[in-house]
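Structure first, commentary second.
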Amino acid sequence: MAEIIITVDGVQITVPDTMNVVDAARLAATQIPVFCYHPRLPAVGMCRMCMVAIGMPRIDRDTRQPMLNEHGKPIIQMFPKLQPACTTRVADGMVVITNSEEVKFAQNGVLEFLLTSHPLDCPVCDKGGECPLQNLTMEWGPGNSRFDYSDKVHFEKPYKLGDLINLDRERCILCSRCVRFQDDLADDSVLGFDQRGRKWHIISKSDPPFDSKFSGNTTDICPVGALTTSDFRFRARAWELTSVPSLCNHCAVGCNTTLDMRHNQLQRVMPRDNAAVNDIWICDKGRFGHRFIEREHRLTTPLVRRDGQLQPATWDEALDVIATNLRAIQAAAGGAALAGLAGEHLANEDLFLFQRLFREVLGSNNLDTRTGVPGEYALDDVGYQYGVGVGTNLMDLGKGTAVLVFGADPEEEAPLYMLRLRQIVTQGGSLIVANPRPTKLDRSATQTLHYRPDSEREVLLALLKLVSAETKQIPQRTTGGAELKGTLEQTKLDAVAKLSGLEQAALAQAAQTILAAEHLLIVYGADVLVHGASLSALLANLLILRGKVGLANSGLIPLLARGNSRGALDMGVRPDKAAGYAPLKQAGLTAREMWPAALAGKLRGMYLMGSDPVASYAPARAALDALAFLVVQDTTLTATAQLADVVLPGTNVAEYDATYTNAERRVQRARLARKVYDASKPNWEIVQAVAQALQGELVLAGAASSTTVTRTVGGNGKSGDGVQGKLTLTTSTASPVAAQESWDYITVGEVAADIADLVPGYAGITHTALAQTAQTKEWGRQANEDYFYDGTSYTNAEGVGLQVPAGAELPKATFDLTPPPATKVPASSTYPFALLVQTLAYRNDPFLHDSLLQSHIPAGYIALNTADAAQLGIAAGAQVQLTSAAGSLRGTARVVPDLPAGCVLVPGGLVDLPVATIQTGALTRVAVSSVAE
Amino acid sequence: MIGDLVKGLATTVRYMFRKPVTIEYPEVKRPVRERFRGKHELKRFENGMERCIGCSLCSAACPSDAILVVPAENNPQQPNSPGERYAATYEINMLRCIFCGYCEDACPTNAIVLEHQYELSYYDRRASIYTKDMLLVPPDQGHGAIPPVLEQVNRTPSPPAQIEL
């Protein structure tokens with residue numbers, strides 16, 4: 001990439017020679033108006049708005065040097081006609097004129113012509129106020145038109161392009177940005193052009209129409225109001241909205257969003273530019289799936305069970321009941337009789353205080369973020385230890401990068417990774433997609449490996465064997481090399497090839513790609529996460545052998561379940577490790593162990609925060625019923641909350657200021673967008689109130705045993721604040737769980753500061769520091785100058801987040817190559833098929849309730865390979881029954897040719913096909929039989 | 001001194017025989033000028049449809065932030081206004097309003113007009129907020145045909161314009 005000098009309107013600038021004239025002119029602070037050009041899309045030159053006069057130095061044919069005039073300046077020869085600036089690459093000595101009469105005449109003409117078929121219904125258009133066509137018309141337009149106003153073209157409207165996106169064909173200026181976005185970036189070629197001339201318009205080519213998980217982005221890049229969302233249709237005008245920076249918590253990507261609020265109501269969700277996370281895009285789940293924020297039937301007051309009925313109560317009453325009962329259980333059976341479950345969508349501050357409450361106040365390690373469903377994700381420590389290094393920016397990667405996607409379907413599990421991984425390929429990187437079944441990312445891959453289910457371990461060992469054969473020197477600080485060598489010696493490539501159904505050459509090719517890579521990224525998802533370290537450690541071994549641990553742009557990226565799954569692990573909401581992965585002397589119960597313990601009477605009290613086990617795992621109901629005392633803190637009266645003795649009204653992401661940690665361990669901050677209900681408070685405050693109430697209870701118990709306790713109750717006049725105030729124990733013999741730290745946080749920033757002090761890796765990550773990572777110094781919504789022609793693209797003025805170092809980046813980290821033991825579920829003649837559970841983006845998720853995406857949740861099906869279906873005599877659409885050791889399930893058969901033989905694919909998380917009821921573990925073996933009609 | 005007294009009383013006596021300028025309000029009301037700016041009215045088209053399309057431009061133009069508009073989508077079978085959009089909520093806070101008439105200027109459909117009603121008094125502040133049904137004129141008092149640009153619902157695709165050569 002050479003630097004060259006060009007002149008734009010008399011200003012000389014140095015630019016890279018790969019730039020086009022529009023981008024180059026912008027460096028010289030000259031705006032060239034564009035409609036069809038977008039910096040993220042290849043230029044096509046359709047709109048003709050960027051016509052400029054371009055000249056080149058005249059070259060002497062003999063000397064090949066520029067000819068000079070009498071003043072010693074090069075003679076500039078202008079092109080005879082205007083040139084489109086977006087499709088013209090800059091060249092050395094180029095002269096660009098953007099303000100001549102000729103250029104203005106052309107710009108006026110293009111705008112006048114575009115407006116001949118534009119309805120000018122700006123007053124009713126959702127884009128009005130942030131519309132590039134409005135802006136460019138004001139700045140470059142002629143101000144009048146020679147065309148008859150009544151001669152405008154008319155199309156029928158409203159016209160739905162899909163059920164999420166509306167198309168107004170009259171407003172469309174046919175720039176093809178949406179078509180190109182779908183074709184080039186999203187890899188869903190669902191849009192196209194139809195007809196010609198004045199009837200020329202955009203159509204959807206897919207069934208169901210506009211079937212893409214990224215469709216909402218087309219409304220952002222549409223330079224007119226042709227594409228608008230059904231979600232924001234006629235809700236408010238752009239200038240009436242108050243934008244609040246927030247985060248999407250649906251998946252582990254952690255996309256930066258803006259919540260556009262009006263009257264304390266969410267009007268729309270827009271992407272917030274963050275080059276290291278989501279660029280300027282978000283998926284439809286993030287854009288349309290946030291209606292849960294203002295869900296009806298919200299809990300607004302604590303509920304306490306009296307006479308078998310949940311009845312409204314004050315905070316004081318509720319906290320009193322909680323404190324009395326939890327203390328009673330603790331006194332009778334010890335802290336081990338208490339357990340807590342927290343949701344993975346909650347903020348770091350909530351989770352940190354939650355585990356402090358259990359470990360410090362209640363003396364229990366029975367903590368988990370899962371709900372004990374068989375086949376749920378294992379705790380992913382490997383992804384922290386060998387995660388991508390600080391400074392990783394996937395958007396910059398290209399040539400020299402190899403990405404191995406193993407056991408993951410990014411489009412469904414973390415949709416935005418699809419765009420990011422595709423971009424790496426577009427920029428010259430290699431992408432190996434290894435899955436038991438085809439996924440959409442296969443189309444973008446440079447190599448796909450479809451291994452047979454349950455041969456993951458062998459495939460990885462084979463790759464390790466091939467890579468280690470080429471590795472001369474094992475990096476320093478490595479242990480377990482001998483064990484790995486031993487295991488690899490037993491691995492025979494031909495046997496692996498036979499078992500996995502992969503060609504040896506394909507494995508060798510993948511190994512070569514991994515060996516040749518300068519940056520090695522390994523993305524793994526559901527299929528690996530359910531197996532936990534037994535597979536992910538092998539992926540980490542690939543990195544260790546290649547010496548790519550603890551480095552920027554290399555490492556593991558686990559596609560965890562939710563927006564703060566990583567934060568929950570970091571904060572220590574888990575039975576086996578404390579905050580910051582500190583080892584514990586004695587591990588507590590996992591969620592799966594809690595249910596039998598509750599039924600056996602060993603577990604007597606539980607506190608569930610944002611967790612709904614009854615909905616995800618039906619057997620939990622009996623266990624929760626068996627408890628002596630149950631506290632549930634959630635935003636609505638969930639199925640679990642209906643069983644509770646005390647229900648506390650919680651808050652959601654939009655209702656308090658807090659931080660979240662994404663899959664790449666980037667800590668980001670969401671802010672308060674919506675005032676909470678009168679009687680509700682942020683989750684962390686509730687946890688603190690519970691802790692304070694428990695400490696108050698401790699005081700009373702202590703007073704009885706003549707311990708001197710001073711207690712100052714803060715009289716701040718606010719009712720319902722529970723027991724406010726400090727607690728000073730003059731003797732620490734009163735109770736084994738004497739408070740080590742005071743519970744007197746006033747702001748959430750103080751909790752974050754405590755996390756920064758106490759959790760290794762989070763040092764320096766305070767709310768102040770997070771705000772300082774903003775791209776501009778000014779706060780509030782500002783047009784993004786990089787994409788100034790967008791109208792709806794705004795600068796990230798609120799902070800792009802800070803990355804927590806991976807375990808391997810710590811100074812004394814050692815790297816363990818020891819291969820984990822195999823965990824195999826052998827196929828038996830009773831249950832010959834392997835059950836593949838597909839994680840869907842649109843599933844029965846309580847967060848998607850009330851949103852337009854509800855209609856995108858598919859009906860359950862049981863997919864079989866064509867050969868298997870023929871052998872079993874099952875036709876597509878027939879009823880089939882799956883039987884496993886745990887139970888049986890009926891569903892409609894779907895016959896798929898490209899599914900590997902010997903496995904059944906069932907989407908997970910659906911109401912009509914609850915596959916969790918027949919799962920037995922990480923891998924379930926099932927029998928398939930057809931059901932007689 | 002007596003001269004001054006007589007002079008003063010003479011004025012009084014003179015005015016006793018003139019027509020009084022005071023009006024017995026509220027029985028009698030003084031007429032206002034044609035361009036007087038009083039209480040707003042939301043007008044209708046002659047077919048009874050609301051002129052207001054819920055564009056919020058009046059609210060944007062309002063210097064005292066007195067107008068609240070919450071738009072919504074028309075039911076194509078029973079549209080409230082021509083086109084796809086109408087004002088589901090339309091409120092003017094008469095205590096905030098300074099009767100400048102900028103909303104009239106901003107209105108693209110001449111829906112809001114400051115009319116001649118000036119009796120705007122209330123017993124409490126909440127009553128100063130005039131809602132849409134208080135502002136909207138009765139359906140039979142509409143005027144004017146719907147301009148073509150607004151008639152887009154159910155409009156079939158038209159062929160290219162026929163230009164006479």
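Identifiers for the structure tokens are assigned positionally: chains receive A, B, ... in sequence, residues are indexed from 1 per chain, and ligands are indexed from 1 in the order shown.
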Using only C-alpha atoms, find which residues of chain A lie within 10 Å of chain B and jot them down as a PyMOL selection string. chain A and resi 119-126+128+148-158+170+197-199+233-237+239-240
Just the residues within 12 Å of Arg126 (chain B), please, counting only C-alpha atoms, with nothing from its chain fewer than 2 positions along; format it as an NGL selection string. :B and (91-96 or 121-124 or 128-131)
At a cut-off of 8 Å, using only C-alpha atoms, what residues contact Val44 (chain A)? Leave out same-chain residues fewer than 2 positions from it and give the result as a list in words. Cys36, Tyr37, Pro42, Met46, Cys86 and Thr87 of chain A
Give me, as a ChimeraX atom specification, the residues of region 811-884 of chain A that a backbone DSSP run labels helix (DSSP H, G or I). /A:846-848,852-856,866-872
Report as a PyMOL selection string all protein, DNA and RNA residues lying within 12 Å of His290 (chain A), evaluated on only C-alpha atoms, omitting residues in the same chain fewer than 6 positions from it. chain A and resi 231-232+246-250+257-260+265-270+283-284+652-654+845-854
Go ahead and write the residues just picked, N, CA, C and O atoms, as a compact mmCIF listing (two decimals), in the first residue's frame.
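File written: selection-v3.txt
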```
# COMPACT_ATOMS: atom_id res chain seq x y z
N ASP A 231 -41.00 -2.42 13.56
CA ASP A 231 -40.87 -2.22 14.99
C ASP A 231 -40.98 -0.74 15.37
O ASP A 231 -41.54 -0.39 16.39
N PHE A 232 -40.43 0.11 14.52
CA PHE A 232 -40.38 1.55 14.82
C PHE A 232 -41.38 2.31 13.97
O PHE A 232 -41.39 3.52 13.94
N SER A 246 -26.40 1.60 25.33
CA SER A 246 -26.73 0.37 26.03
C SER A 246 -26.00 -0.78 25.37
O SER A 246 -25.15 -0.58 24.48
N LEU A 247 -26.33 -1.99 25.78
CA LEU A 247 -25.70 -3.18 25.23
C LEU A 247 -26.77 -4.21 24.97
O LEU A 247 -27.79 -4.26 25.68
N CYS A 248 -26.53 -5.04 23.96
CA CYS A 248 -27.44 -6.14 23.70
C CYS A 248 -26.94 -7.34 24.48
O CYS A 248 -25.78 -7.70 24.39
N ASN A 249 -27.84 -7.95 25.23
CA ASN A 249 -27.45 -9.07 26.09
C ASN A 249 -27.91 -10.41 25.57
O ASN A 249 -27.86 -11.40 26.28
N HIS A 250 -28.38 -10.45 24.32
CA HIS A 250 -28.96 -11.70 23.84
C HIS A 250 -27.91 -12.78 23.62
O HIS A 250 -28.18 -13.94 23.80
N THR A 257 -25.34 -0.93 21.56
CA THR A 257 -26.60 -0.44 21.00
C THR A 257 -26.91 0.92 21.59
O THR A 257 -26.32 1.34 22.57
N THR A 258 -27.85 1.57 20.96
CA THR A 258 -28.39 2.81 21.48
C THR A 258 -29.88 2.56 21.69
O THR A 258 -30.55 2.10 20.78
N LEU A 259 -30.37 2.83 22.86
CA LEU A 259 -31.80 2.72 23.08
C LEU A 259 -32.39 4.11 22.86
O LEU A 259 -32.03 5.05 23.57
N ASP A 260 -33.23 4.22 21.86
CA ASP A 260 -33.85 5.51 21.58
C ASP A 260 -35.16 5.60 22.36
O ASP A 260 -36.11 4.86 22.09
N GLN A 265 -40.30 5.36 27.25
CA GLN A 265 -40.64 4.15 26.50
C GLN A 265 -39.57 3.90 25.46
O GLN A 265 -39.07 4.85 24.85
N LEU A 266 -39.27 2.63 25.24
CA LEU A 266 -38.31 2.29 24.21
C LEU A 266 -38.97 2.43 22.84
O LEU A 266 -40.00 1.81 22.58
N GLN A 267 -38.41 3.26 21.99
CA GLN A 267 -38.97 3.41 20.65
C GLN A 267 -38.26 2.51 19.66
O GLN A 267 -38.88 1.86 18.85
N ARG A 268 -36.94 2.51 19.71
CA ARG A 268 -36.20 1.63 18.79
C ARG A 268 -34.82 1.35 19.36
O ARG A 268 -34.35 2.07 20.24
N VAL A 269 -34.19 0.33 18.81
CA VAL A 269 -32.81 0.00 19.17
C VAL A 269 -31.95 0.22 17.93
O VAL A 269 -32.30 -0.23 16.84
N MET A 270 -30.88 0.96 18.11
CA MET A 270 -29.99 1.23 16.98
C MET A 270 -28.58 0.77 17.33
O MET A 270 -28.21 0.76 18.50
N CYS A 283 -27.65 -7.45 14.82
CA CYS A 283 -28.52 -8.43 14.18
C CYS A 283 -29.97 -8.10 14.55
O CYS A 283 -30.24 -7.28 15.41
N ASP A 284 -30.90 -8.77 13.90
CA ASP A 284 -32.31 -8.49 14.13
C ASP A 284 -32.75 -8.83 15.54
O ASP A 284 -33.67 -8.23 16.08
N ASN A 652 -34.26 -4.76 34.40
CA ASN A 652 -33.58 -5.27 33.21
C ASN A 652 -32.50 -4.31 32.75
O ASN A 652 -32.33 -3.24 33.33
N VAL A 653 -31.81 -4.71 31.70
CA VAL A 653 -30.59 -4.00 31.26
C VAL A 653 -30.81 -2.51 31.05
O VAL A 653 -29.91 -1.71 31.26
N ALA A 654 -31.99 -2.11 30.66
CA ALA A 654 -32.22 -0.70 30.35
C ALA A 654 -32.45 0.13 31.61
O ALA A 654 -32.54 1.34 31.53
N ASP A 845 -37.47 -17.87 24.01
CA ASP A 845 -36.65 -17.16 24.97
C ASP A 845 -37.54 -16.10 25.60
O ASP A 845 -38.17 -15.32 24.89
N PRO A 846 -37.62 -16.06 26.93
CA PRO A 846 -38.50 -15.05 27.53
C PRO A 846 -38.16 -13.62 27.10
O PRO A 846 -39.01 -12.75 27.10
N PHE A 847 -36.91 -13.41 26.68
CA PHE A 847 -36.53 -12.06 26.25
C PHE A 847 -37.10 -11.72 24.89
O PHE A 847 -37.08 -10.56 24.49
N LEU A 848 -37.53 -12.72 24.14
CA LEU A 848 -38.09 -12.42 22.82
C LEU A 848 -39.61 -12.29 22.87
O LEU A 848 -40.24 -11.94 21.88
N HIS A 849 -40.20 -12.58 24.02
CA HIS A 849 -41.65 -12.42 24.12
C HIS A 849 -42.02 -10.97 23.84
O HIS A 849 -41.25 -10.07 24.12
N ASP A 850 -43.17 -10.76 23.30
CA ASP A 850 -43.69 -9.43 22.98
C ASP A 850 -42.97 -8.79 21.80
O ASP A 850 -43.22 -7.63 21.49
N SER A 851 -42.03 -9.47 21.17
CA SER A 851 -41.34 -8.82 20.05
C SER A 851 -41.88 -9.38 18.74
O SER A 851 -42.54 -10.42 18.70
N LEU A 852 -41.53 -8.70 17.65
CA LEU A 852 -41.96 -9.15 16.33
C LEU A 852 -41.31 -10.47 15.95
O LEU A 852 -41.74 -11.14 15.03
N LEU A 853 -40.22 -10.82 16.65
CA LEU A 853 -39.49 -12.03 16.30
C LEU A 853 -40.23 -13.28 16.72
O LEU A 853 -39.85 -14.38 16.33
N GLN A 854 -41.26 -13.11 17.53
CA GLN A 854 -42.01 -14.25 18.03
C GLN A 854 -42.49 -15.12 16.86
O GLN A 854 -42.50 -16.33 16.93
```
Have a look at CA of Gly601 (chain A) and CA of Ala626 (chain A) and let me know their distance in Å, one decimal.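 Between CA of Gly601 (chain A) and CA of Ala626 (chain A) the gap works out to 7.4 Å.
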If you count only C-alpha atoms, which residues fall within 12 Å of region 21-24 of chain A, apart from same-chain ones fewer than 3 positions away, as an MDAnalysis selection string? chainID A and resid 3:9 11:18 27:40 43 45 49:55 83:92 94:98 785:789
Mind the document's chain letters and residue numbers, and return as a PDB file with all heavy atoms, in the first residue's frame the residues of region 67-170 of chain A that DSSP labels strand (DSSP E).
```pdb
ATOM      1  N   ILE A  76      -1.921  19.553 -16.178  1.00  0.00           N
ATOM      2  CA  ILE A  76      -3.015  18.657 -15.802  1.00  0.00           C
ATOM      3  C   ILE A  76      -3.972  18.528 -16.970  1.00  0.00           C
ATOM      4  O   ILE A  76      -4.448  19.530 -17.515  1.00  0.00           O
ATOM      5  CB  ILE A  76      -3.767  19.201 -14.571  1.00  0.00           C
ATOM      6  CG1 ILE A  76      -2.820  19.344 -13.379  1.00  0.00           C
ATOM      7  CG2 ILE A  76      -4.934  18.287 -14.212  1.00  0.00           C
ATOM      8  CD1 ILE A  76      -2.217  18.051 -12.883  1.00  0.00           C
ATOM      9  N   GLN A  77      -4.208  17.311 -17.347  1.00  0.00           N
ATOM     10  CA  GLN A  77      -5.195  17.077 -18.396  1.00  0.00           C
ATOM     11  C   GLN A  77      -6.466  16.544 -17.761  1.00  0.00           C
ATOM     12  O   GLN A  77      -6.460  15.481 -17.141  1.00  0.00           O
ATOM     13  CB  GLN A  77      -4.650  16.066 -19.399  1.00  0.00           C
ATOM     14  CG  GLN A  77      -5.555  15.926 -20.588  1.00  0.00           C
ATOM     15  CD  GLN A  77      -4.871  15.211 -21.733  1.00  0.00           C
ATOM     16  OE1 GLN A  77      -3.919  14.459 -21.528  1.00  0.00           O
ATOM     17  NE2 GLN A  77      -5.351  15.447 -22.934  1.00  0.00           N
ATOM     18  N   MET A  78      -7.546  17.318 -17.868  1.00  0.00           N
ATOM     19  CA  MET A  78      -8.802  16.903 -17.242  1.00  0.00           C
ATOM     20  C   MET A  78      -9.479  15.866 -18.136  1.00  0.00           C
ATOM     21  O   MET A  78      -9.380  15.918 -19.363  1.00  0.00           O
ATOM     22  CB  MET A  78      -9.749  18.098 -17.047  1.00  0.00           C
ATOM     23  CG  MET A  78      -9.190  19.204 -16.173  1.00  0.00           C
ATOM     24  SD  MET A  78      -8.722  18.649 -14.531  1.00  0.00           S
ATOM     25  CE  MET A  78     -10.301  18.418 -13.753  1.00  0.00           C
ATOM     26  N   GLN A  83     -16.383  12.279 -13.680  1.00  0.00           N
ATOM     27  CA  GLN A  83     -16.158  10.888 -13.299  1.00  0.00           C
ATOM     28  C   GLN A  83     -16.840  10.582 -11.963  1.00  0.00           C
ATOM     29  O   GLN A  83     -16.858  11.438 -11.081  1.00  0.00           O
ATOM     30  CB  GLN A  83     -14.653  10.624 -13.131  1.00  0.00           C
ATOM     31  CG  GLN A  83     -13.850  10.908 -14.365  1.00  0.00           C
ATOM     32  CD  GLN A  83     -14.194   9.971 -15.494  1.00  0.00           C
ATOM     33  OE1 GLN A  83     -14.300   8.766 -15.303  1.00  0.00           O
ATOM     34  NE2 GLN A  83     -14.410  10.520 -16.680  1.00  0.00           N
ATOM     35  N   PRO A  84     -17.376   9.369 -11.806  1.00  0.00           N
ATOM     36  CA  PRO A  84     -17.916   9.015 -10.479  1.00  0.00           C
ATOM     37  C   PRO A  84     -16.777   8.821  -9.478  1.00  0.00           C
ATOM     38  O   PRO A  84     -15.868   8.031  -9.711  1.00  0.00           O
ATOM     39  CB  PRO A  84     -18.661   7.706 -10.739  1.00  0.00           C
ATOM     40  CG  PRO A  84     -18.081   7.158 -11.975  1.00  0.00           C
ATOM     41  CD  PRO A  84     -17.547   8.301 -12.783  1.00  0.00           C
ATOM     42  N   VAL A  95      -5.802  15.283  -9.776  1.00  0.00           N
ATOM     43  CA  VAL A  95      -6.413  16.542  -9.351  1.00  0.00           C
ATOM     44  C   VAL A  95      -7.929  16.350  -9.376  1.00  0.00           C
ATOM     45  O   VAL A  95      -8.488  15.901 -10.369  1.00  0.00           O
ATOM     46  CB  VAL A  95      -5.984  17.699 -10.281  1.00  0.00           C
ATOM     47  CG1 VAL A  95      -6.757  18.959  -9.945  1.00  0.00           C
ATOM     48  CG2 VAL A  95      -4.503  17.938 -10.165  1.00  0.00           C
ATOM     49  N   VAL A  96      -8.586  16.629  -8.249  1.00  0.00           N
ATOM     50  CA  VAL A  96     -10.037  16.447  -8.147  1.00  0.00           C
ATOM     51  C   VAL A  96     -10.664  17.813  -7.907  1.00  0.00           C
ATOM     52  O   VAL A  96     -10.206  18.563  -7.045  1.00  0.00           O
ATOM     53  CB  VAL A  96     -10.390  15.490  -6.990  1.00  0.00           C
ATOM     54  CG1 VAL A  96     -11.892  15.295  -6.890  1.00  0.00           C
ATOM     55  CG2 VAL A  96      -9.690  14.168  -7.167  1.00  0.00           C
ATOM     56  N   ILE A  97     -11.666  18.137  -8.680  1.00  0.00           N
ATOM     57  CA  ILE A  97     -12.374  19.411  -8.489  1.00  0.00           C
ATOM     58  C   ILE A  97     -13.828  19.087  -8.150  1.00  0.00           C
ATOM     59  O   ILE A  97     -14.515  18.423  -8.932  1.00  0.00           O
ATOM     60  CB  ILE A  97     -12.265  20.292  -9.739  1.00  0.00           C
ATOM     61  CG1 ILE A  97     -10.799  20.622  -9.987  1.00  0.00           C
ATOM     62  CG2 ILE A  97     -13.075  21.575  -9.566  1.00  0.00           C
ATOM     63  CD1 ILE A  97     -10.521  21.209 -11.328  1.00  0.00           C
ATOM     64  N   TYR A 159     -46.303  -1.712   1.935  1.00  0.00           N
ATOM     65  CA  TYR A 159     -45.838  -2.925   1.276  1.00  0.00           C
ATOM     66  C   TYR A 159     -44.781  -3.537   2.176  1.00  0.00           C
ATOM     67  O   TYR A 159     -43.798  -2.888   2.509  1.00  0.00           O
ATOM     68  CB  TYR A 159     -45.263  -2.545  -0.086  1.00  0.00           C
ATOM     69  CG  TYR A 159     -44.635  -3.684  -0.859  1.00  0.00           C
ATOM     70  CD1 TYR A 159     -45.425  -4.568  -1.575  1.00  0.00           C
ATOM     71  CD2 TYR A 159     -43.256  -3.841  -0.876  1.00  0.00           C
ATOM     72  CE1 TYR A 159     -44.843  -5.601  -2.292  1.00  0.00           C
ATOM     73  CE2 TYR A 159     -42.671  -4.872  -1.601  1.00  0.00           C
ATOM     74  CZ  TYR A 159     -43.469  -5.742  -2.297  1.00  0.00           C
ATOM     75  OH  TYR A 159     -42.886  -6.764  -3.010  1.00  0.00           O
ATOM     76  N   LYS A 160     -45.030  -4.744   2.594  1.00  0.00           N
ATOM     77  CA  LYS A 160     -44.097  -5.384   3.508  1.00  0.00           C
ATOM     78  C   LYS A 160     -43.090  -6.200   2.725  1.00  0.00           C
ATOM     79  O   LYS A 160     -43.465  -7.094   1.986  1.00  0.00           O
ATOM     80  CB  LYS A 160     -44.851  -6.271   4.499  1.00  0.00           C
ATOM     81  CG  LYS A 160     -45.474  -5.485   5.634  1.00  0.00           C
ATOM     82  CD  LYS A 160     -45.996  -6.413   6.701  1.00  0.00           C
ATOM     83  CE  LYS A 160     -46.522  -5.681   7.905  1.00  0.00           C
ATOM     84  NZ  LYS A 160     -45.486  -4.935   8.620  1.00  0.00           N
ATOM     85  N   ILE A 165     -39.583  -5.683   7.928  1.00  0.00           N
ATOM     86  CA  ILE A 165     -39.122  -4.532   7.147  1.00  0.00           C
ATOM     87  C   ILE A 165     -40.226  -4.112   6.179  1.00  0.00           C
ATOM     88  O   ILE A 165     -40.782  -4.937   5.455  1.00  0.00           O
ATOM     89  CB  ILE A 165     -37.850  -4.895   6.346  1.00  0.00           C
ATOM     90  CG1 ILE A 165     -36.775  -5.462   7.281  1.00  0.00           C
ATOM     91  CG2 ILE A 165     -37.334  -3.693   5.582  1.00  0.00           C
ATOM     92  CD1 ILE A 165     -36.195  -4.501   8.252  1.00  0.00           C
ATOM     93  N   ASN A 166     -40.510  -2.829   6.147  1.00  0.00           N
ATOM     94  CA  ASN A 166     -41.458  -2.268   5.190  1.00  0.00           C
ATOM     95  C   ASN A 166     -40.695  -1.595   4.067  1.00  0.00           C
ATOM     96  O   ASN A 166     -39.684  -0.938   4.309  1.00  0.00           O
ATOM     97  CB  ASN A 166     -42.309  -1.203   5.877  1.00  0.00           C
ATOM     98  CG  ASN A 166     -43.289  -1.817   6.833  1.00  0.00           C
ATOM     99  OD1 ASN A 166     -44.187  -2.526   6.440  1.00  0.00           O
ATOM    100  ND2 ASN A 166     -43.080  -1.560   8.106  1.00  0.00           N
ATOM    101  N   LEU A 167     -41.210  -1.761   2.870  1.00  0.00           N
ATOM    102  CA  LEU A 167     -40.595  -1.100   1.720  1.00  0.00           C
ATOM    103  C   LEU A 167     -41.573  -0.078   1.170  1.00  0.00           C
ATOM    104  O   LEU A 167     -42.752  -0.362   0.982  1.00  0.00           O
ATOM    105  CB  LEU A 167     -40.249  -2.128   0.638  1.00  0.00           C
ATOM    106  CG  LEU A 167     -39.813  -1.565  -0.714  1.00  0.00           C
ATOM    107  CD1 LEU A 167     -38.518  -0.795  -0.593  1.00  0.00           C
ATOM    108  CD2 LEU A 167     -39.660  -2.672  -1.734  1.00  0.00           C
TER     109      LEU A 167
END
```
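Nearest to Ile112 (chain B) of all the residues B:Cys52, B:Leu68, B:Cys97, B:Ala61 is B:Cys52, based on only C-alpha atoms.
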Who sits within 8 Å of Glu104 (chain B), only C-alpha atoms, same chain under 3 positions skipped, as a ChimeraX atom specification: /B:58,101,107,110-114
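Residues surrounding region 472-477 of chain A within 7 Å are A:Glu470, A:Thr479, A:Leu545, A:Gly547, A:Thr814, A:Phe815 [only C-alpha atoms; sequence separation below 2 positions excluded].
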Residues of the last selection are to be written out with N, CA, C and O atoms, as a CSV table (one decimal), in the first residue's frame.
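Saved file result-v9.csv follows:
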```
chain,number,residue,atom,x,y,z
A,470,GLU,N,5.0,-30.8,12.9
A,470,GLU,CA,5.7,-29.6,12.3
A,470,GLU,C,6.3,-28.7,13.3
A,470,GLU,O,6.9,-27.7,12.9
A,479,THR,N,3.5,-27.3,30.4
A,479,THR,CA,3.6,-28.5,31.1
A,479,THR,C,2.7,-29.5,30.3
A,479,THR,O,1.9,-29.2,29.4
A,545,LEU,N,0.6,-25.2,21.1
A,545,LEU,CA,1.7,-25.8,20.2
A,545,LEU,C,2.1,-24.7,19.2
A,545,LEU,O,3.3,-24.7,18.8
A,547,GLY,N,2.2,-21.6,19.7
A,547,GLY,CA,2.8,-20.5,20.4
A,547,GLY,C,1.9,-19.2,20.3
A,547,GLY,O,2.4,-18.1,20.4
A,814,THR,N,1.1,-20.6,33.3
A,814,THR,CA,1.7,-21.8,32.6
A,814,THR,C,0.6,-22.4,31.7
A,814,THR,O,-0.6,-22.2,31.9
A,815,PHE,N,1.1,-23.1,30.7
A,815,PHE,CA,0.2,-23.6,29.7
A,815,PHE,C,0.2,-25.1,29.8
A,815,PHE,O,1.3,-25.7,29.7
```
